[in-house]
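Worksheet: the structure to be examined is printed underneath.
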Amino acid sequence: PAPGDLDGLDVVVTAGGTREPIDPVRFIGNRSSGRQGIAVAVAAAARGARVRLIAAHVEQALLAEAEQHPAIAVARAGTAAELQDATQQAASDADVVVMAAAVADYRVADVAEGKLTKESSDGTLTLQLVENPDIVAGLAARRRPGQTIVGFAAETAQGEELRARGRRKLARKGVDLLAVNEVGWERGFETPDNSVLFVTATSGDAPEVVSGDKRQVADALWDAVLALR
Ligand code: C5P
């Protein structure tokens with residue numbers, strides 16, 4: 001990456017996993033550490049961008065690096081709804097939005113006022129879930145001319161199936177660039193390394209593959225964004 005090649009760019013990056021409350025003490029979460037999203041924010045700042053990082057649940061030690069950077073402003077969001085509010089507001093005057101956060105696809109329909117107890121249970125518990133709005137698809141549908149919208153997709157697939165899912169998801173969400181990575185019980189989460197496919201409208205059957213630590217993947221993502229602008 002060339003130093004200063006993102007000078008003057010206003011970027012918004014989301015990172016980490018949302019938590020959807022069940023009751024006052026419990027939530028539905030996911031395994032995202034925020035490592036990749038935070039690396040995307042730090043890489044952008046290092047290359048001259050002004051960065052607003054909207055962090056859902058992340059590993060605090062990872063966030064510290066971003067918080068110390070003078071060009072990064074950090075805001076917090078807990079639930080998908082909070083993340084949506086914060087991201088929509090920030091996106092209104094951003095040149096690039098990178099949705100690296102792992103957003104819950106569903107939230108609990110009726111969050112309990114008090115802690116759920118086993119007293120009134122027959123040994124099972126049923127939670128009704130309702131779909132959350134797709135934040136990045138909404139941003140893409142309403143993007144300003146010149147604004148670039150980037151999504152991530154974690155898929156438990158490999159090879160041609162991984163590429164096919166990436167292409168379908170790019171089209172469905174309407175984003176300019178989708179960073180697709182293979183995840184599994186042992187892959188993709190809580191690790192310093194990552195391997196992603198960059199899918200764009202023109203990448204066709206041969207999307208670029210980038211492997212490395214999450215900072216290298218972040219720099220490759222910004223290279224791919226610059227190539228689109
Ligand atoms: O559909 P899927 O969850 O795989 O899509 C992942 C991408 O979509 C990520 O960029 C994520 O931040 C975004 N997303 C979103 N709103 C949701 C679910 C996912 O913006 N409700």
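Just remember, in the structure tokens the first chain shown is A, the second B, etc., residues are 1-based per chain, and ligands are 1-based in the order shown.
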
### Message
If we count only C-alpha atoms and set the cut-off at 7 Å, which residues sit around Ala56 (chain A), ignoring sequence neighbours fewer than 2 positions away in its own chain? Please answer as a list in words.
### Response
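Non-adjacent residues within range: Ala15, Gly16, Gly17, Thr18, Ile54, Val58, Arg76, Ala77 and Gly78 of chain A.
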
### Task
Check region 71-144 of chain A with DSSP on the backbone and list each residue it calls alpha helix (DSSP H), as JSON, numbers by chain.
{"A": [80, 81, 82, 83, 84, 85, 86, 87, 88, 89, 90, 91, 135, 136, 137, 138, 139, 140, 141]}

#### Entry: Surroundings of ligand 1 up to 10 Å, based on only C-alpha atoms and all ligand atoms, as a VMD selection string
chain A and resid 13 to 18 37 80 to 81 83 to 84 87 97 to 107 131 to 140 149 to 155 165 to 166 169 to 170 172 to 173 175 177 to 180

### Task
Tell me, in Å to one decimal, how far CA of Glu208 (chain A) is from CA of Thr191 (chain A).
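Taking CA of Glu208 (chain A) and CA of Thr191 (chain A), their separation equals 21.3 Å.
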
### Message
At a cut-off of 9 Å, using only C-alpha atoms, what residues contact Arg229 (chain A)? Leave out same-chain residues fewer than 6 positions from it and give the result as a ChimeraX atom specification.
### Response
/A:146-148

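Taking CA of Thr202 (chain A) and CA of Val96 (chain A) as the two end points, the separation is 18.9 Å.
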
### Message
For Ala39 (chain A), find every residue with an atom within 8 Å (counting only C-alpha atoms), except residues of its own chain fewer than 2 positions away, and show them as a ChimeraX atom specification.
### Response
/A:35-37,41-43,214-215,218

### Message
Considering only C-alpha atoms, can you say which of A:Ala49, A:Ala227, A:Ala55, A:Lys118 comes closest to Pro70 (chain A)?
### Response
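Smallest separation from Pro70 (chain A) among the options: A:Ala49.
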
### Shortest interatomic distance to Pro3 (chain A) - which of A:Glu161, A:Thr79, A:Asp85, A:Ala44, counting only C-alpha atoms
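Among the listed residues, the smallest separation from Pro3 (chain A) belongs to A:Ala44.
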
### For CA of Ser203 (chain A) and CA of Gly48 (chain A), the interatomic separation in Å (one decimal)
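Between CA of Ser203 (chain A) and CA of Gly48 (chain A) the gap is 27.1 Å.
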
### Message
Would you pick out the contacts of Ala90 (chain A) at 9 Å or less, using only C-alpha atoms, so that residues sharing its chain but fewer than 6 positions from it are not included, and give the list as JSON, numbers by chain?
### Response
{"A": [11, 12, 52, 97]}

Once you have the residues from the selection above, write them out as a compact mmCIF listing (two decimals), in the first residue's frame, restricted to N, CA, C and O atoms.
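Wrote out-v1.txt, looks like this:
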```txt
# COMPACT_ATOMS: atom_id res chain seq x y z
N VAL A 11 -14.20 7.36 5.79
CA VAL A 11 -14.67 5.98 5.76
C VAL A 11 -15.34 5.59 7.08
O VAL A 11 -15.00 6.09 8.15
N VAL A 12 -16.30 4.71 6.96
CA VAL A 12 -17.00 4.15 8.11
C VAL A 12 -16.76 2.64 8.08
O VAL A 12 -16.91 2.01 7.03
N ARG A 52 -14.38 6.44 10.94
CA ARG A 52 -15.29 6.23 12.07
C ARG A 52 -15.51 4.73 12.20
O ARG A 52 -15.97 4.09 11.25
N VAL A 97 -18.17 2.76 2.99
CA VAL A 97 -18.64 2.07 4.18
C VAL A 97 -18.23 0.60 4.07
O VAL A 97 -18.52 -0.05 3.06
```

### Task
List every residue of region 75-153 of chain A that DSSP, applied to the backbone, labels as strand (DSSP E or B), and write the result as a PyMOL selection string.
chain A and resi 75-76+96-99+102+106-108+129-131+148-153

### Task
Determine the nearest neighbour of Ala171 (chain A) from the options A:Ile22, A:Asp122, A:Val199, A:Gly184, counting only C-alpha atoms.
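Comparing A:Ile22, A:Asp122, A:Val199, A:Gly184 against Ala171 (chain A), the winner is A:Val199.
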
### Query
Pro24 (chain A): which residues within 9 Å, counting only C-alpha atoms, same-chain residues fewer than 5 positions away excluded, as a list of chain:residue names?
A:Val111, A:Ala112, A:Glu113, A:Gly114, A:Lys115, A:Leu116

### Query
Could you name the residues that touch Gln128 (chain A) at 9 Å or less, counting only C-alpha atoms, but leaving out those on the same chain fewer than 5 positions away, as a ChimeraX atom specification?
/A:107-110

### Message
My list of candidates is A:Asp205, A:Asp176, A:Glu182, A:Glu119. Which is closest to Ala164 (chain A) when distances are computed with only C-alpha atoms?
### Response
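Ranked by minimum distance to Ala164 (chain A), first place goes to A:Asp205.
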
### Query
Of the candidates A:Thr117, A:Ala46, A:Arg19, A:Ala64, which shows the shortest atom-to-atom distance to Glu82 (chain A), using only C-alpha atoms?
A:Arg19
